[in-house]
file entry35.cif (mmCIF, C-alpha atoms and all ligand atoms)
data_final
loop_
_atom_site.label_atom_id
_atom_site.label_comp_id
_atom_site.auth_asym_id
_atom_site.auth_seq_id
_atom_site.Cartn_x
_atom_site.Cartn_y
_atom_site.Cartn_z
CA MET A 1 -154.38 -3.67 -105.87
CA ASN A 2 -156.92 -4.37 -103.21
CA ASP A 3 -158.48 -1.76 -100.94
CA THR A 4 -156.11 -2.49 -98.07
CA GLU A 5 -153.05 -2.06 -100.29
CA ILE A 6 -154.43 1.15 -101.74
CA HIS A 7 -155.18 2.51 -98.28
CA SER A 8 -151.72 1.65 -97.03
CA LEU A 9 -150.05 3.23 -100.07
CA ILE A 10 -152.06 6.42 -99.55
CA GLY A 11 -150.95 6.46 -95.91
CA GLU A 12 -147.32 6.24 -97.08
CA ALA A 13 -147.81 9.01 -99.64
CA VAL A 14 -149.50 11.31 -97.13
CA ALA A 15 -146.75 10.71 -94.56
CA PHE A 16 -144.12 11.40 -97.24
CA ALA A 17 -145.65 14.78 -98.11
CA GLU A 18 -146.80 15.68 -94.61
CA PRO A 19 -144.58 13.93 -92.03
CA ARG A 20 -146.80 15.20 -89.20
CA LEU A 21 -149.54 12.86 -90.52
CA LYS A 22 -147.33 9.77 -90.26
CA GLY A 23 -149.35 7.02 -88.57
CA ALA A 24 -152.56 9.05 -88.66
CA SER A 25 -155.67 6.97 -89.22
CA LEU A 26 -157.00 8.26 -92.50
CA LYS A 27 -160.64 7.74 -93.38
CA PRO A 28 -162.08 7.98 -96.91
CA GLU A 29 -164.29 10.90 -95.90
CA ASP A 30 -161.38 12.95 -94.45
CA THR A 31 -161.00 16.06 -96.56
CA ILE A 32 -157.66 17.29 -97.80
CA ALA A 33 -158.49 20.73 -96.41
CA GLU A 34 -159.39 19.40 -92.94
CA LEU A 35 -156.14 17.46 -92.81
CA GLY A 36 -154.32 20.74 -93.47
CA ILE A 37 -152.76 19.44 -96.69
CA ASN A 38 -151.90 22.37 -98.95
CA SER A 39 -151.70 22.50 -102.74
CA ILE A 40 -148.03 21.61 -103.00
CA ALA A 41 -148.40 18.69 -100.59
CA VAL A 42 -151.23 17.37 -102.79
CA LEU A 43 -148.80 17.46 -105.71
CA GLU A 44 -146.19 15.64 -103.66
CA ILE A 45 -148.72 12.95 -102.71
CA VAL A 46 -149.74 12.49 -106.32
CA GLY A 47 -146.10 12.41 -107.47
CA TYR A 48 -145.30 9.78 -104.84
CA LEU A 49 -148.22 7.61 -105.96
CA GLU A 50 -147.22 7.99 -109.61
CA ASP A 51 -143.66 6.90 -108.89
CA LYS A 52 -144.78 3.93 -106.82
CA LEU A 53 -147.40 2.80 -109.31
CA GLY A 54 -145.57 3.65 -112.50
CA VAL A 55 -148.48 5.68 -113.88
CA ARG A 56 -149.11 9.33 -114.79
CA PHE A 57 -152.40 10.88 -113.70
CA PRO A 58 -153.69 13.63 -116.01
CA ASP A 59 -153.70 17.03 -114.28
CA ASP A 60 -157.42 17.54 -114.85
CA GLU A 61 -158.23 14.43 -112.82
CA LEU A 62 -156.57 15.97 -109.78
CA ALA A 63 -159.48 18.41 -109.53
CA GLN A 64 -161.54 15.75 -107.77
CA LEU A 65 -158.99 15.26 -105.03
CA ASN A 66 -160.93 16.71 -102.13
CA THR A 67 -160.81 13.67 -99.88
CA ILE A 68 -158.70 10.65 -99.03
CA GLY A 69 -161.39 8.60 -100.78
CA GLY A 70 -160.75 10.73 -103.88
CA LEU A 71 -157.15 9.52 -103.89
CA SER A 72 -158.35 5.90 -103.73
CA ASP A 73 -160.71 6.56 -106.64
CA LEU A 74 -157.88 8.12 -108.62
CA ILE A 75 -155.79 4.97 -108.17
CA ARG A 76 -158.69 2.61 -108.92
CA GLY A 77 -159.65 4.69 -111.96
CA HIS A 78 -156.30 3.96 -113.48
CA ASP A 79 -156.59 0.25 -113.01
CA VAL A 80 -153.05 0.12 -111.76
CA ALA A 81 -151.09 -3.09 -111.91
CA ALA A 82 -151.39 -5.54 -109.06
CA GLN A 83 -147.64 -5.32 -108.63
CA PRO A 84 -146.73 -1.73 -107.85
CA ALA A 85 -143.64 -0.46 -109.62
CA GLN A 86 -140.62 0.21 -107.45
CA LYS A 87 -139.97 3.83 -106.63
CA SER A 88 -136.77 4.79 -108.36
CA MET B 1 -129.18 40.22 -107.44
CA SER B 2 -127.55 42.22 -110.25
CA ILE B 3 -129.44 42.74 -113.46
CA SER B 4 -127.95 43.30 -116.90
CA ILE B 5 -128.89 46.04 -119.34
CA ALA B 6 -130.50 43.42 -121.61
CA GLN B 7 -132.67 42.21 -118.71
CA ARG B 8 -133.61 45.78 -117.78
CA GLU B 9 -134.56 46.49 -121.37
CA ARG B 10 -136.78 43.41 -121.54
CA ALA B 11 -138.47 44.40 -118.27
CA TYR B 12 -138.99 47.89 -119.70
CA ARG B 13 -140.62 46.45 -122.81
CA ALA B 14 -142.86 44.16 -120.75
CA TYR B 15 -143.95 47.16 -118.72
CA ASN B 16 -144.61 49.25 -121.84
CA GLU B 17 -146.78 46.48 -123.23
CA PHE B 18 -148.76 46.36 -119.97
CA PHE B 19 -149.03 50.13 -119.72
CA ASP B 20 -150.00 50.66 -123.35
CA LEU B 21 -152.85 48.18 -123.10
CA ALA B 22 -153.97 49.63 -119.78
CA GLU B 23 -154.06 53.18 -121.19
CA ARG B 24 -155.85 52.20 -124.37
CA LYS B 25 -158.33 49.61 -123.16
CA ARG B 26 -158.52 49.20 -119.44
CA ARG B 27 -158.88 52.60 -117.79
CA TRP B 28 -162.15 53.06 -115.87
CA HIS B 29 -163.53 55.78 -113.66
CA PRO B 30 -164.82 54.60 -110.26
CA PHE B 31 -167.67 57.13 -110.26
CA ASN B 32 -168.45 57.72 -113.93
CA ASP B 33 -168.12 54.20 -115.32
CA VAL B 34 -169.66 52.29 -112.42
CA PRO B 35 -173.49 52.39 -112.65
CA TRP B 36 -174.11 53.40 -109.03
CA GLU B 37 -177.73 54.24 -109.88
CA LYS B 38 -178.32 50.49 -110.22
CA MET B 39 -177.71 49.92 -106.52
CA ASP B 40 -180.36 47.39 -105.49
CA ARG B 41 -180.47 47.11 -101.71
CA ASP B 42 -182.83 44.12 -101.93
CA LYS B 43 -180.03 42.03 -103.42
CA ASN B 44 -177.69 42.79 -100.54
CA SER B 45 -177.15 40.61 -97.51
CA GLU B 46 -174.68 40.22 -94.65
CA GLU B 47 -172.85 37.63 -96.76
CA VAL B 48 -172.35 40.20 -99.50
CA ALA B 49 -171.17 42.67 -96.85
CA ILE B 50 -168.61 40.22 -95.45
CA CYS B 51 -167.27 39.44 -98.91
CA LEU B 52 -166.93 43.10 -99.89
CA GLU B 53 -165.55 44.17 -96.51
CA THR B 54 -162.92 41.42 -96.64
CA PHE B 55 -161.92 42.30 -100.21
CA CYS B 56 -161.82 45.97 -99.22
CA GLY B 57 -159.58 45.14 -96.25
CA VAL B 58 -157.08 43.31 -98.44
CA GLU B 59 -157.06 46.15 -100.98
CA LEU B 60 -156.56 48.72 -98.18
CA TYR B 61 -153.00 47.52 -97.62
CA VAL B 62 -151.99 49.25 -100.85
CA PRO B 63 -149.64 51.66 -98.99
CA ASP B 64 -147.67 48.70 -97.59
CA TYR B 65 -147.75 46.77 -100.85
CA THR B 66 -146.41 49.67 -102.85
CA ALA B 67 -143.86 50.82 -100.25
CA ASN B 68 -142.37 47.33 -100.13
CA GLY B 69 -142.70 46.85 -103.87
CA PHE B 70 -140.85 50.10 -104.60
CA ASN B 71 -138.03 49.22 -102.22
CA LEU B 72 -137.55 45.93 -104.00
CA THR B 73 -137.66 47.33 -107.54
CA ARG B 74 -136.62 50.99 -107.41
CA ASN B 75 -133.50 50.61 -109.58
CA ILE B 76 -135.27 48.83 -112.43
CA PHE B 77 -137.50 51.08 -114.52
CA GLY B 78 -139.82 48.39 -115.88
CA HIS B 79 -140.48 46.90 -112.46
CA ALA B 80 -140.68 50.12 -110.45
CA TRP B 81 -142.99 51.81 -112.95
CA PHE B 82 -145.17 48.74 -112.91
CA GLN B 83 -145.43 49.10 -109.14
CA ALA B 84 -146.60 52.70 -109.59
CA ASN B 85 -149.30 51.70 -112.07
CA TRP B 86 -150.25 48.62 -110.16
CA GLY B 87 -150.67 50.68 -106.98
CA TYR B 88 -152.87 53.18 -108.81
CA GLU B 89 -155.12 50.42 -110.13
CA GLU B 90 -155.29 48.60 -106.80
CA SER B 91 -156.15 51.88 -105.07
CA LYS B 92 -159.36 52.06 -107.11
CA HIS B 93 -160.39 48.60 -105.98
CA GLY B 94 -160.38 49.54 -102.30
CA LEU B 95 -162.14 52.79 -103.10
CA VAL B 96 -164.99 51.11 -104.97
CA PHE B 97 -165.53 48.46 -102.29
CA ARG B 98 -165.58 51.19 -99.65
CA GLU B 99 -168.13 53.20 -101.66
CA TYR B 100 -170.34 50.16 -102.11
CA LEU B 101 -170.30 49.25 -98.42
CA ILE B 102 -171.36 52.78 -97.44
CA GLN B 103 -173.75 53.63 -100.29
CA SER B 104 -175.56 50.30 -99.89
CA GLY B 105 -176.01 50.85 -96.18
CA LEU B 106 -174.36 47.48 -95.55
CA ARG B 107 -171.97 49.34 -93.23
CA THR B 108 -172.37 52.67 -91.49
CA LEU B 109 -169.54 55.18 -91.67
CA GLU B 110 -168.73 54.42 -88.04
CA GLN B 111 -168.55 50.69 -88.74
CA TYR B 112 -166.41 51.28 -91.80
CA TYR B 113 -163.94 53.48 -89.93
CA ALA B 114 -163.71 51.00 -87.08
CA PHE B 115 -162.82 48.34 -89.66
CA GLU B 116 -160.34 50.65 -91.40
CA ASP B 117 -158.64 51.36 -88.07
CA LYS B 118 -158.16 47.64 -87.52
CA ILE B 119 -156.69 47.28 -91.00
CA PHE B 120 -154.32 50.24 -90.70
CA GLY B 121 -153.35 49.07 -87.22
CA GLN B 122 -151.50 46.18 -88.84
CA VAL B 123 -148.63 46.28 -91.30
CA TRP B 124 -148.22 44.01 -94.30
CA ASN B 125 -144.66 42.83 -94.77
CA LEU B 126 -143.07 41.10 -97.72
CA PRO B 127 -143.80 37.37 -97.56
CA PHE B 128 -140.68 36.70 -99.68
CA HIS B 129 -137.53 38.72 -99.93
CA THR B 130 -136.14 38.63 -103.44
CA ARG B 131 -137.63 40.30 -106.48
CA ARG B 132 -137.93 37.02 -108.36
CA GLN B 133 -139.70 35.29 -105.49
CA MET B 134 -142.05 38.25 -105.17
CA THR B 135 -142.70 37.99 -108.92
CA CYS B 136 -143.70 34.35 -108.35
CA TYR B 137 -145.88 35.48 -105.46
CA GLY B 138 -147.44 38.24 -107.56
CA ALA B 139 -148.27 35.81 -110.38
CA LEU B 140 -149.97 33.40 -107.97
CA GLN B 141 -151.69 35.97 -105.80
CA GLU B 142 -153.07 37.95 -108.73
CA SER B 143 -154.39 34.80 -110.32
CA ALA B 144 -156.10 33.70 -107.07
CA THR B 145 -157.59 37.18 -106.67
CA TYR B 146 -158.76 37.16 -110.28
CA LEU B 147 -160.46 33.79 -109.79
CA ILE B 148 -162.20 34.99 -106.62
CA TYR B 149 -163.48 38.20 -108.26
CA GLN B 150 -164.42 36.39 -111.45
CA ALA B 151 -166.58 34.01 -109.37
CA GLN B 152 -168.17 37.06 -107.70
CA LYS B 153 -168.91 38.54 -111.10
CA GLU B 154 -170.62 35.33 -112.23
CA LYS B 155 -172.60 35.17 -108.98
CA ALA B 156 -173.75 38.79 -109.38
CA LYS B 157 -174.79 38.03 -112.94
CA ARG B 158 -176.83 35.00 -111.87
CA GLU B 159 -178.54 37.08 -109.20
CA GLY B 160 -179.22 40.02 -111.50
CA ALA B 161 -177.08 42.35 -109.34
CA GLU B 162 -175.98 44.59 -112.22
CA LEU B 163 -173.97 47.06 -110.17
CA LEU B 164 -171.88 44.37 -108.49
CA GLU B 165 -171.46 42.56 -111.79
CA LYS B 166 -169.98 45.71 -113.34
CA ILE B 167 -167.73 46.38 -110.36
CA PHE B 168 -166.35 42.85 -110.45
CA PHE B 169 -165.98 43.07 -114.22
CA PHE B 170 -163.66 46.09 -113.93
CA ILE B 171 -161.72 44.78 -110.94
CA SER B 172 -161.27 41.21 -112.11
CA ARG B 173 -160.05 42.50 -115.49
CA ASP B 174 -157.39 44.54 -113.67
CA GLU B 175 -156.32 41.52 -111.64
CA ALA B 176 -156.03 39.42 -114.80
CA ALA B 177 -153.78 42.09 -116.32
CA HIS B 178 -151.62 42.18 -113.18
CA HIS B 179 -151.26 38.42 -113.33
CA GLY B 180 -150.35 38.74 -117.01
CA PHE B 181 -147.47 41.13 -116.27
CA TYR B 182 -145.99 38.93 -113.54
CA ARG B 183 -146.39 35.89 -115.75
CA LYS B 184 -144.54 37.65 -118.58
CA VAL B 185 -141.71 38.61 -116.22
CA LEU B 186 -141.48 35.02 -115.01
CA GLN B 187 -141.18 33.84 -118.61
CA LEU B 188 -138.21 36.21 -118.98
CA GLU B 189 -136.74 34.93 -115.73
CA MET B 190 -137.08 31.36 -117.02
CA GLU B 191 -135.09 32.30 -120.14
CA ASP B 192 -132.28 33.64 -117.94
CA ASP B 193 -132.24 30.99 -115.23
CA ARG B 194 -134.71 28.17 -115.60
CA GLU B 195 -133.54 26.11 -112.64
CA GLY B 196 -133.36 29.05 -110.25
CA THR B 197 -136.76 30.35 -111.30
CA ILE B 198 -138.43 26.96 -110.83
CA SER B 199 -136.75 26.64 -107.46
CA ASP B 200 -138.13 30.03 -106.41
CA LEU B 201 -141.57 29.17 -107.75
CA SER B 202 -141.65 25.88 -105.86
CA HIS B 203 -140.61 27.66 -102.66
CA VAL B 204 -143.34 30.27 -103.12
CA VAL B 205 -146.06 27.73 -103.97
CA ALA B 206 -145.08 25.70 -100.90
CA ASN B 207 -145.31 28.72 -98.62
CA PHE B 208 -148.10 30.61 -100.34
CA GLN B 209 -150.71 32.45 -98.32
CA MET B 210 -153.17 35.08 -99.44
CA PRO B 211 -152.19 38.58 -98.25
CA GLY B 212 -155.13 38.86 -95.83
CA VAL B 213 -153.94 35.95 -93.65
CA GLY B 214 -153.01 37.23 -90.21
CA LEU B 215 -154.05 40.79 -91.05
CA ILE B 216 -157.79 40.90 -91.73
CA PRO B 217 -159.81 40.69 -88.51
CA GLU B 218 -161.55 37.31 -88.05
CA TYR B 219 -160.13 36.14 -91.37
CA ASP B 220 -160.78 32.44 -90.74
CA GLU B 221 -164.41 33.15 -89.85
CA ARG B 222 -164.78 35.23 -92.99
CA LEU B 223 -163.41 32.39 -95.13
CA LYS B 224 -166.46 30.34 -94.12
CA VAL B 225 -168.61 32.72 -96.17
CA ALA B 226 -168.87 31.39 -99.72
CA GLY B 227 -166.83 33.38 -102.20
CA VAL B 228 -164.42 35.05 -99.77
CA GLY B 229 -161.66 32.56 -100.55
CA ILE B 230 -160.75 29.96 -103.10
CA SER B 231 -160.48 26.20 -102.60
CA SER B 232 -157.04 24.67 -103.00
CA ASP B 233 -158.17 22.33 -105.79
CA HIS B 234 -159.70 25.21 -107.74
CA PHE B 235 -156.49 27.21 -107.29
CA LEU B 236 -154.45 24.21 -108.40
CA GLN B 237 -156.49 23.67 -111.54
CA GLN B 238 -157.17 27.26 -112.54
CA GLY B 239 -154.17 29.07 -111.05
CA ILE B 240 -151.11 26.88 -110.60
CA PHE B 241 -151.39 24.43 -113.51
CA PRO B 242 -152.04 27.10 -116.18
CA LEU B 243 -149.06 29.12 -114.87
CA LEU B 244 -146.78 26.07 -115.01
CA LYS B 245 -147.94 25.39 -118.55
CA VAL B 246 -147.23 28.92 -119.76
CA LEU B 247 -143.78 28.74 -118.17
CA GLY B 248 -143.06 25.48 -119.98
CA THR B 249 -142.80 23.37 -116.87
CA ASP B 250 -145.06 21.01 -114.95
CA ARG B 251 -145.93 19.83 -111.47
CA ARG B 252 -143.30 17.08 -111.51
CA GLU B 253 -140.47 19.49 -112.20
CA LEU B 254 -141.84 21.82 -109.53
CA ILE B 255 -141.93 19.07 -106.91
CA ALA B 256 -138.49 17.73 -107.90
CA SER B 257 -137.09 21.23 -107.43
CA LEU B 258 -138.74 21.63 -104.05
CA GLN B 259 -137.40 18.29 -102.86
CA LYS B 260 -133.92 19.16 -104.08
CA SER B 261 -134.02 22.46 -102.15
CA ARG B 262 -135.21 20.68 -99.03
CA MET B 263 -132.39 18.14 -99.25
CA ALA B 264 -129.85 20.92 -99.75
CA ALA B 265 -131.26 22.78 -96.73
CA ALA B 266 -131.17 19.61 -94.61
CA ALA B 267 -127.58 18.93 -95.67
CA ALA B 268 -126.61 22.49 -94.75
CA ARG B 269 -128.17 22.06 -91.30
CA ALA B 270 -126.50 18.70 -90.62
CA PRO B 271 -123.51 18.97 -88.25
CA GLU B 272 -120.20 18.68 -90.01
CA LYS B 273 -118.37 15.42 -89.48
CA PRO B 274 -115.42 15.87 -87.14
CA GLU B 275 -112.12 15.68 -88.93
CA LEU B 276 -110.25 12.48 -88.32
CA ALA B 277 -107.17 12.88 -86.20
CA PRO B 278 -104.03 12.12 -88.15
CA VAL B 279 -102.77 8.64 -87.48
CA GLN B 280 -99.51 8.74 -85.61
CA ALA B 281 -96.76 6.76 -87.21
FE FE C 301 -157.05 44.46 -106.40
FE FE C 302 -154.11 43.03 -108.52
#

call {"tool": "encode", "arguments": {"input": "entry35.cif", "output": "structure tokens"}}
result
Amino acid sequence: MNDTEIHSLIGEAVAFAEPRLKGASLKPEDTIAELGINSIAVLEIVGYLEDKLGVRFPDDELAQLNTIGGLSDLIRGHDVAAQPAQKS
Amino acid sequence: MSISIAQRERAYRAYNEFFDLAERKRRWHPFNDVPWEKMDRDKNSEEVAICLETFCGVELYVPDYTANGFNLTRNIFGHAWFQANWGYEESKHGLVFREYLIQSGLRTLEQYYAFEDKIFGQVWNLPFHTRRQMTCYGALQESATYLIYQAQKEKAKREGAELLEKIFFFISRDEAAHHGFYRKVLQLEMEDDREGTISDLSHVVANFQMPGVGLIPEYDERLKVAGVGISSDHFLQQGIFPLLKVLGTDRRELIASLQKSRMAAAAARAPEKPELAPVQA
């Protein structure tokens, strides 16, 4: 996946977990805390990404998820397929 | 929610286990066991004062915590007696923080009483309204509190503040034991009703707030001082994930349960379809 695709997928995941952030322009440096995303919403975002990408992120890697950029790194770190899996 | 004799007996045994350990290994005297002679005013600062005052404020709601806790559990020995013991232990936490603030000179008596008046001017109410949901809340809240105090203990150790290190040693050990009891009860709840317990846990995690929110004066400002609160990623890693693991579940099951509850709630809110008028022949 290229950066644009990753960014757009993160936007979808964030909007799924926090509908009030639908259409928000998310920057890599935006922190999860500043965006008002709580712990359970983080888990929903991660779950959404896992379903879309067909991967499972280890729980201990979620510790680094302080920013939107951290979510991009998580996806890149797993070298996900160019063709995202369909969400079931 | 009705509770069977078998469930009451298991709660009683869980309480006895907690109480036995507390009596044998965890009792401490706020004046005799805390080395007050090691008070080192040079190691104090306004940041320390804000941390301790905030912790003290949260602990000062013990009358509301116990009153509500008793109302919720009064017909179940194991749970109600836990509330009594829990309240006793929590009462020492507020007392020690109060002593430190005054003995250190970080707060004058007048300042302390002004703060206490603000605290007692507000009432803490149950954030959740069933015993099982409050058990979920207790497990999470005690673990967050333990992590916060544990970090304070480590900080005091690094800074050579022996008195504070000892205080946070005693208090964080209590909080860990409180978390342990709630966790044990949740394991029992999972045996009885896995789906319902996970549903309650997901609801509580989604709506979780620390007890000081909305009650402690200038709480948001206080949270800017390092150590007053806990970051959500730290809580996730050190509080939520370990609890899920002990309960034999994981984040995916938790989220699936939450989404199912949301869909059920949305369906319940949706207006009913009007009945079709019978077709006239
Ligand atoms: Fe406490
Ligand atoms: Fe506690």

call {"tool": "interface_residues", "arguments": {"input": "entry35.cif", "of": "chain B", "to": "chain A", "cutoff": "12 Å", "atoms": "all atoms listed in the file", "output": "ChimeraX atom specification"}}
result
/B:201-209,230-242,244-245,250-259

call {"tool": "residues_near_ligand", "arguments": {"input": "entry35.cif", "ligand": "ligand FE 302 (chain C)", "cutoff": "9 Å", "atoms": "all atoms listed in the file", "output": "ChimeraX atom specification"}}
result
/B:59,86-87,89-90,93,138,141-143,145-146,171-172,174-179

call {"tool": "atom_distance", "arguments": {"input": "entry35.cif", "atom1": "atom CA of Arg13 of chain B", "atom2": "atom CA of Val58 of chain B"}}
result
29.6 Å

call {"tool": "closest_residue", "arguments": {"input": "entry35.cif", "among": "A:Gly23, A:Ala13, A:Asp51, A:Ile6", "to": "Asp73 of chain A", "atoms": "all atoms listed in the file"}}
result
A:Ile6

call {"tool": "atom_distance", "arguments": {"input": "entry35.cif", "atom1": "atom CA of Val228 of chain B", "atom2": "atom CA of Ala67 of chain B"}}
result
25.9 Å

call {"tool": "residues_near_point", "arguments": {"input": "entry35.cif", "point": "(-149.7, 44.4, -88.2)", "cutoff": "12 Å", "atoms": "all atoms listed in the file", "output": "MDAnalysis selection string"}}
result
chainID B and resid 61 64 117:125 211:217

call {"tool": "closest_residue", "arguments": {"input": "entry35.cif", "among": "B:Arg158, B:Leu163, B:Gly69, B:Ala6", "to": "Phe128 of chain B", "atoms": "all atoms listed in the file"}}
result
B:Gly69

call {"tool": "closest_residue", "arguments": {"input": "entry35.cif", "among": "B:Val62, B:Tyr182, B:His79, B:Thr130", "to": "ligand FE 301 (chain C)", "atoms": "all atoms listed in the file"}}
result
B:Val62

call {"tool": "atom_distance", "arguments": {"input": "entry35.cif", "atom1": "atom CA of Lys38 of chain B", "atom2": "atom CA of Glu162 of chain B"}}
result
6.7 Å

call {"tool": "closest_residue", "arguments": {"input": "entry35.cif", "among": "B:Gly229, B:Gly94, B:Pro30, B:Gly180", "to": "ligand FE 301 (chain C)", "atoms": "only C-alpha atoms and all ligand atoms"}}
result
B:Gly94

call {"tool": "closest_residue", "arguments": {"input": "entry35.cif", "among": "B:Ser91, B:Gln133, B:Asn75, B:Ser199", "to": "ligand FE 301 (chain C)", "atoms": "only C-alpha atoms and all ligand atoms"}}
result
B:Ser91

call {"tool": "closest_residue", "arguments": {"input": "entry35.cif", "among": "B:Ala266, B:Thr73, B:Leu21, B:Gln103", "to": "Ile3 of chain B", "atoms": "only C-alpha atoms"}}
result
B:Thr73

call {"tool": "residues_near_point", "arguments": {"input": "entry35.cif", "point": "(-148.6, 32.5, -111.5)", "cutoff": "6 Å", "atoms": "all atoms listed in the file", "output": "ChimeraX atom specification"}}
result
/B:139-140,183,243

call {"tool": "decode", "arguments": {"input": "entry35.cif", "residues": "segment 2-72 of chain A", "atoms": "C-alpha atoms", "output": "PDB file, in the first residue's frame"}}
result
ATOM      1  CA  ASN A   2       1.237   3.459  -0.715  1.00  0.00           C
ATOM      2  CA  ASP A   3       1.128   6.355   1.734  1.00  0.00           C
ATOM      3  CA  THR A   4      -2.057   7.797   0.257  1.00  0.00           C
ATOM      4  CA  GLU A   5      -3.881   4.480   0.569  1.00  0.00           C
ATOM      5  CA  ILE A   6      -2.655   4.024   4.115  1.00  0.00           C
ATOM      6  CA  HIS A   7      -3.744   7.536   5.049  1.00  0.00           C
ATOM      7  CA  SER A   8      -7.173   7.041   3.530  1.00  0.00           C
ATOM      8  CA  LEU A   9      -7.637   3.685   5.283  1.00  0.00           C
ATOM      9  CA  ILE A  10      -6.703   5.264   8.615  1.00  0.00           C
ATOM     10  CA  GLY A  11      -9.258   8.011   7.964  1.00  0.00           C
ATOM     11  CA  GLU A  12     -11.912   5.326   7.409  1.00  0.00           C
ATOM     12  CA  ALA A  13     -10.915   3.452  10.563  1.00  0.00           C
ATOM     13  CA  VAL A  14     -10.949   6.604  12.691  1.00  0.00           C
ATOM     14  CA  ALA A  15     -14.361   7.615  11.336  1.00  0.00           C
ATOM     15  CA  PHE A  16     -15.663   4.100  12.024  1.00  0.00           C
ATOM     16  CA  ALA A  17     -14.586   4.236  15.681  1.00  0.00           C
ATOM     17  CA  GLU A  18     -15.257   7.931  16.214  1.00  0.00           C
ATOM     18  CA  PRO A  19     -17.983   9.116  13.800  1.00  0.00           C
ATOM     19  CA  ARG A  20     -17.490  12.718  14.944  1.00  0.00           C
ATOM     20  CA  LEU A  21     -14.057  12.618  13.243  1.00  0.00           C
ATOM     21  CA  LYS A  22     -15.520  11.647   9.859  1.00  0.00           C
ATOM     22  CA  GLY A  23     -13.939  13.870   7.212  1.00  0.00           C
ATOM     23  CA  ALA A  24     -11.456  15.372   9.667  1.00  0.00           C
ATOM     24  CA  SER A  25      -8.074  16.130   8.155  1.00  0.00           C
ATOM     25  CA  LEU A  26      -5.734  13.890  10.095  1.00  0.00           C
ATOM     26  CA  LYS A  27      -2.049  14.705  10.235  1.00  0.00           C
ATOM     27  CA  PRO A  28       0.689  12.232  11.186  1.00  0.00           C
ATOM     28  CA  GLU A  29       1.643  14.314  14.213  1.00  0.00           C
ATOM     29  CA  ASP A  30      -1.941  14.437  15.594  1.00  0.00           C
ATOM     30  CA  THR A  31      -1.964  12.604  18.888  1.00  0.00           C
ATOM     31  CA  ILE A  32      -4.618  10.077  19.799  1.00  0.00           C
ATOM     32  CA  ALA A  33      -5.145  11.930  23.080  1.00  0.00           C
ATOM     33  CA  GLU A  34      -5.594  15.331  21.399  1.00  0.00           C
ATOM     34  CA  LEU A  35      -8.138  13.859  19.022  1.00  0.00           C
ATOM     35  CA  GLY A  36     -10.090  12.671  22.067  1.00  0.00           C
ATOM     36  CA  ILE A  37      -9.833   9.015  21.042  1.00  0.00           C
ATOM     37  CA  ASN A  38     -10.178   6.811  24.124  1.00  0.00           C
ATOM     38  CA  SER A  39      -8.753   3.351  24.777  1.00  0.00           C
ATOM     39  CA  ILE A  40     -11.699   1.413  23.418  1.00  0.00           C
ATOM     40  CA  ALA A  41     -11.849   3.529  20.259  1.00  0.00           C
ATOM     41  CA  VAL A  42      -8.157   2.750  19.689  1.00  0.00           C
ATOM     42  CA  LEU A  43      -9.056  -0.935  19.868  1.00  0.00           C
ATOM     43  CA  GLU A  44     -11.891  -0.407  17.406  1.00  0.00           C
ATOM     44  CA  ILE A  45      -9.559   1.397  15.001  1.00  0.00           C
ATOM     45  CA  VAL A  46      -7.016  -1.391  15.222  1.00  0.00           C
ATOM     46  CA  GLY A  47      -9.713  -4.057  14.796  1.00  0.00           C
ATOM     47  CA  TYR A  48     -11.045  -2.255  11.719  1.00  0.00           C
ATOM     48  CA  LEU A  49      -7.570  -2.086  10.176  1.00  0.00           C
ATOM     49  CA  GLU A  50      -6.949  -5.760  10.937  1.00  0.00           C
ATOM     50  CA  ASP A  51     -10.186  -6.791   9.255  1.00  0.00           C
ATOM     51  CA  LYS A  52      -9.516  -4.651   6.212  1.00  0.00           C
ATOM     52  CA  LEU A  53      -5.925  -5.765   5.836  1.00  0.00           C
ATOM     53  CA  GLY A  54      -6.323  -9.370   6.880  1.00  0.00           C
ATOM     54  CA  VAL A  55      -3.562  -9.154   9.476  1.00  0.00           C
ATOM     55  CA  ARG A  56      -3.309  -9.432  13.278  1.00  0.00           C
ATOM     56  CA  PHE A  57      -1.180  -6.876  15.109  1.00  0.00           C
ATOM     57  CA  PRO A  58       0.425  -8.166  18.315  1.00  0.00           C
ATOM     58  CA  ASP A  59      -0.972  -6.397  21.392  1.00  0.00           C
ATOM     59  CA  ASP A  60       2.463  -5.199  22.508  1.00  0.00           C
ATOM     60  CA  GLU A  61       2.901  -3.235  19.284  1.00  0.00           C
ATOM     61  CA  LEU A  62      -0.169  -1.168  20.110  1.00  0.00           C
ATOM     62  CA  ALA A  63       1.824   0.525  22.878  1.00  0.00           C
ATOM     63  CA  GLN A  64       3.390   2.838  20.306  1.00  0.00           C
ATOM     64  CA  LEU A  65       0.056   4.099  19.065  1.00  0.00           C
ATOM     65  CA  ASN A  66       0.242   7.655  20.333  1.00  0.00           C
ATOM     66  CA  THR A  67      -0.251   9.396  17.015  1.00  0.00           C
ATOM     67  CA  ILE A  68      -1.893   9.002  13.625  1.00  0.00           C
ATOM     68  CA  GLY A  69       1.632   8.511  12.267  1.00  0.00           C
ATOM     69  CA  GLY A  70       1.991   5.614  14.707  1.00  0.00           C
ATOM     70  CA  LEU A  71      -0.952   3.901  13.016  1.00  0.00           C
ATOM     71  CA  SER A  72       0.734   4.331   9.620  1.00  0.00           C
TER      72      SER A  72
END
